[in-house]
Amino acid sequence: QHYAMITMGSVAVFFPIAFVAFVAHATYQFPRKMTLGDTGFLHRFEFVFVRFKPEHRWMTLMYLIRNLAISLTPVIPDAFFQLLSLYLLFLMSCVANAWWTPWKLLSHSVLEVGVNCVFSTFIVIAMRFVEMP
């Protein structure tokens with residue numbers, strides 16, 4: 001009786017993964033296309049590369065993978081491990097932003113580190129109220 005829901009869920013999971021693969025391919029192609037002077041490529045994928053410094057163009061891919069992993073945490077059956085995985089994702093994102101400062105403006109990188117630290121703090125507080133397995 002749940003076959004329709006399983007089928008729809010399986011199809012729905014395909015679209016975010018396909019988009020991440022699409023952005024990964026564009027990120028891989030970026031240096032070659034810029035060497036060739038392909039401005040059409042840059043205009044088509046401006047939404048991918050415009051936020052970060054050119055040497056950190058791969059950060060968009062990192063954010064997409066992080067956000068995909070965040071959206072998949074409810075699949076983990078235990079609440080403690082859900083919170084632990086969220087904590088580790090935000091902590092890694094915080095460290096990556098502090099280390100590389102990938103945003104074009106330094107204030108954006110500082111804000112990103114601050115927001116990730118606040119999220120991590122809230123998650124640690126929430127972990128206090130969940131029973132460990």
# chains A, B, ... in the order shown; residues from 1 in each chain; ligands from 1

$ residues_around --residues "Val23 of chain A" --least-positions-apart "4" --cutoff "7 Å" --atoms "only C-alpha atoms" --output "JSON list (two decimals) with all heavy atoms, in the first residue's frame"
[["chain", "number", "residue", "atom", "x", "y", "z"],
["A", 19, "PHE", "N", 21.10, 17.89, -9.26],
["A", 19, "PHE", "CA", 21.52, 19.29, -9.25],
["A", 19, "PHE", "C", 22.93, 19.41, -8.69],
["A", 19, "PHE", "O", 23.75, 20.18, -9.21],
["A", 19, "PHE", "CB", 20.54, 20.15, -8.45],
["A", 19, "PHE", "CG", 20.90, 21.60, -8.45],
["A", 19, "PHE", "CD1", 20.75, 22.36, -9.59],
["A", 19, "PHE", "CD2", 21.40, 22.20, -7.31],
["A", 19, "PHE", "CE1", 21.09, 23.70, -9.60],
["A", 19, "PHE", "CE2", 21.74, 23.54, -7.30],
["A", 19, "PHE", "CZ", 21.59, 24.29, -8.45],
["A", 27, "THR", "N", 31.58, 23.29, -11.92],
["A", 27, "THR", "CA", 32.76, 23.70, -11.16],
["A", 27, "THR", "C", 34.03, 23.09, -11.76],
["A", 27, "THR", "O", 35.07, 23.75, -11.83],
["A", 27, "THR", "CB", 32.61, 23.27, -9.68],
["A", 27, "THR", "OG1", 31.41, 23.85, -9.17],
["A", 27, "THR", "CG2", 33.77, 23.75, -8.85],
["A", 61, "LEU", "N", 29.81, 24.15, -4.17],
["A", 61, "LEU", "CA", 29.59, 22.71, -4.15],
["A", 61, "LEU", "C", 29.61, 22.18, -2.71],
["A", 61, "LEU", "O", 28.79, 21.35, -2.34],
["A", 61, "LEU", "CB", 30.65, 22.02, -5.01],
["A", 61, "LEU", "CG", 30.48, 20.53, -5.23],
["A", 61, "LEU", "CD1", 29.15, 20.23, -5.90],
["A", 61, "LEU", "CD2", 31.63, 20.01, -6.06]]

$ select_by_dssp --residues "chain A" --states "alpha helix (DSSP H)" --output "ChimeraX atom specification"
/A:3-36,39-44,46-49,59-72,79-100,106-128

$ residues_around --residues "segment 84-95 of chain A" --least-positions-apart "3" --cutoff "7 Å" --atoms "only C-alpha atoms" --output "count of residues only"
11

$ decode --residues "segment 5-113 of chain A" --atoms "C-alpha atoms" --output "mmCIF file, in the first residue's frame"
data_model
loop_
_atom_site.group_PDB
_atom_site.id
_atom_site.type_symbol
_atom_site.label_atom_id
_atom_site.label_comp_id
_atom_site.auth_asym_id
_atom_site.auth_seq_id
_atom_site.Cartn_x
_atom_site.Cartn_y
_atom_site.Cartn_z
ATOM 1 C CA MET A 5 4.866 6.867 -1.720
ATOM 2 C CA ILE A 6 8.145 4.914 -2.012
ATOM 3 C CA THR A 7 8.208 5.548 -5.756
ATOM 4 C CA MET A 8 7.558 9.279 -5.345
ATOM 5 C CA GLY A 9 10.218 9.529 -2.642
ATOM 6 C CA SER A 10 12.756 7.722 -4.784
ATOM 7 C CA VAL A 11 12.084 10.025 -7.719
ATOM 8 C CA ALA A 12 12.130 13.130 -5.502
ATOM 9 C CA VAL A 13 15.572 12.253 -4.099
ATOM 10 C CA PHE A 14 16.963 12.135 -7.633
ATOM 11 C CA PHE A 15 16.470 15.871 -8.333
ATOM 12 C CA PRO A 16 18.693 17.341 -5.564
ATOM 13 C CA ILE A 17 21.409 14.779 -6.265
ATOM 14 C CA ALA A 18 21.228 15.556 -9.995
ATOM 15 C CA PHE A 19 21.521 19.285 -9.252
ATOM 16 C CA VAL A 20 24.607 18.702 -7.074
ATOM 17 C CA ALA A 21 26.141 16.649 -9.900
ATOM 18 C CA PHE A 22 25.275 19.422 -12.387
ATOM 19 C CA VAL A 23 27.006 22.053 -10.219
ATOM 20 C CA ALA A 24 29.991 19.728 -9.672
ATOM 21 C CA HIS A 25 30.387 19.388 -13.430
ATOM 22 C CA ALA A 26 30.168 23.166 -13.902
ATOM 23 C CA THR A 27 32.760 23.697 -11.162
ATOM 24 C CA TYR A 28 35.058 21.183 -12.834
ATOM 25 C CA GLN A 29 34.624 22.886 -16.232
ATOM 26 C CA PHE A 30 35.132 26.431 -14.890
ATOM 27 C CA PRO A 31 38.944 26.789 -15.316
ATOM 28 C CA ARG A 32 38.925 25.414 -18.861
ATOM 29 C CA LYS A 33 35.972 27.560 -19.927
ATOM 30 C CA MET A 34 37.571 30.704 -18.482
ATOM 31 C CA THR A 35 40.848 29.899 -20.270
ATOM 32 C CA LEU A 36 38.888 29.697 -23.529
ATOM 33 C CA GLY A 37 37.127 32.992 -22.725
ATOM 34 C CA ASP A 38 33.663 31.441 -22.751
ATOM 35 C CA THR A 39 31.607 34.302 -21.299
ATOM 36 C CA GLY A 40 28.369 32.474 -22.094
ATOM 37 C CA PHE A 41 29.372 29.769 -19.612
ATOM 38 C CA LEU A 42 30.058 32.412 -16.969
ATOM 39 C CA HIS A 43 26.650 34.046 -17.543
ATOM 40 C CA ARG A 44 24.842 30.684 -17.438
ATOM 41 C CA PHE A 45 26.513 29.659 -14.175
ATOM 42 C CA GLU A 46 26.813 33.048 -12.551
ATOM 43 C CA PHE A 47 24.552 31.895 -9.716
ATOM 44 C CA VAL A 48 27.176 29.267 -8.844
ATOM 45 C CA PHE A 49 30.338 31.360 -8.921
ATOM 46 C CA VAL A 50 29.322 34.929 -8.080
ATOM 47 C CA ARG A 51 29.314 34.650 -4.264
ATOM 48 C CA PHE A 52 32.845 33.427 -3.657
ATOM 49 C CA LYS A 53 36.380 34.443 -4.540
ATOM 50 C CA PRO A 54 37.516 32.845 -7.824
ATOM 51 C CA GLU A 55 40.077 30.645 -6.067
ATOM 52 C CA HIS A 56 37.295 29.268 -3.842
ATOM 53 C CA ARG A 57 34.759 28.514 -6.562
ATOM 54 C CA TRP A 58 34.325 24.974 -5.152
ATOM 55 C CA MET A 59 32.711 26.331 -1.955
ATOM 56 C CA THR A 60 29.307 26.447 -3.655
ATOM 57 C CA LEU A 61 29.591 22.710 -4.147
ATOM 58 C CA MET A 62 30.582 22.294 -0.502
ATOM 59 C CA TYR A 63 27.500 24.238 0.604
ATOM 60 C CA LEU A 64 25.230 22.195 -1.630
ATOM 61 C CA ILE A 65 26.613 18.931 -0.271
ATOM 62 C CA ARG A 66 26.344 20.225 3.306
ATOM 63 C CA ASN A 67 22.754 21.312 2.781
ATOM 64 C CA LEU A 68 21.879 17.996 1.138
ATOM 65 C CA ALA A 69 23.370 16.182 4.136
ATOM 66 C CA ILE A 70 21.384 18.433 6.507
ATOM 67 C CA SER A 71 18.177 17.618 4.658
ATOM 68 C CA LEU A 72 18.931 13.898 4.927
ATOM 69 C CA THR A 73 19.554 13.868 8.707
ATOM 70 C CA PRO A 74 15.903 13.016 9.544
ATOM 71 C CA VAL A 75 16.558 9.645 7.908
ATOM 72 C CA ILE A 76 18.863 8.752 10.835
ATOM 73 C CA PRO A 77 16.639 6.823 13.262
ATOM 74 C CA ASP A 78 18.144 8.011 16.560
ATOM 75 C CA ALA A 79 17.648 11.652 17.673
ATOM 76 C CA PHE A 80 21.036 11.832 19.380
ATOM 77 C CA PHE A 81 22.860 10.775 16.203
ATOM 78 C CA GLN A 82 20.755 13.212 14.169
ATOM 79 C CA LEU A 83 21.916 16.052 16.395
ATOM 80 C CA LEU A 84 25.479 14.761 16.418
ATOM 81 C CA SER A 85 25.599 14.658 12.620
ATOM 82 C CA LEU A 86 24.136 18.174 12.403
ATOM 83 C CA TYR A 87 26.692 19.393 14.927
ATOM 84 C CA LEU A 88 29.568 17.891 12.951
ATOM 85 C CA LEU A 89 28.273 19.369 9.682
ATOM 86 C CA PHE A 90 28.007 22.876 11.134
ATOM 87 C CA LEU A 91 31.344 22.537 12.913
ATOM 88 C CA MET A 92 33.119 21.492 9.701
ATOM 89 C CA SER A 93 31.447 24.356 7.845
ATOM 90 C CA CYS A 94 32.515 26.784 10.562
ATOM 91 C CA VAL A 95 36.132 25.609 10.438
ATOM 92 C CA ALA A 96 36.213 25.696 6.613
ATOM 93 C CA ASN A 97 34.857 29.258 6.557
ATOM 94 C CA ALA A 98 37.275 30.431 9.244
ATOM 95 C CA TRP A 99 40.227 28.798 7.504
ATOM 96 C CA TRP A 100 39.627 29.837 3.892
ATOM 97 C CA THR A 101 37.369 32.953 4.211
ATOM 98 C CA PRO A 102 35.852 32.125 0.807
ATOM 99 C CA TRP A 103 33.253 34.898 0.540
ATOM 100 C CA LYS A 104 34.116 37.933 -1.575
ATOM 101 C CA LEU A 105 33.652 40.201 1.436
ATOM 102 C CA LEU A 106 35.380 39.393 4.716
ATOM 103 C CA SER A 107 32.289 40.489 6.653
ATOM 104 C CA HIS A 108 30.284 37.723 4.965
ATOM 105 C CA SER A 109 32.823 35.112 6.027
ATOM 106 C CA VAL A 110 32.790 36.433 9.601
ATOM 107 C CA LEU A 111 28.982 36.359 9.625
ATOM 108 C CA GLU A 112 28.972 32.803 8.253
ATOM 109 C CA VAL A 113 31.372 31.640 10.973
#
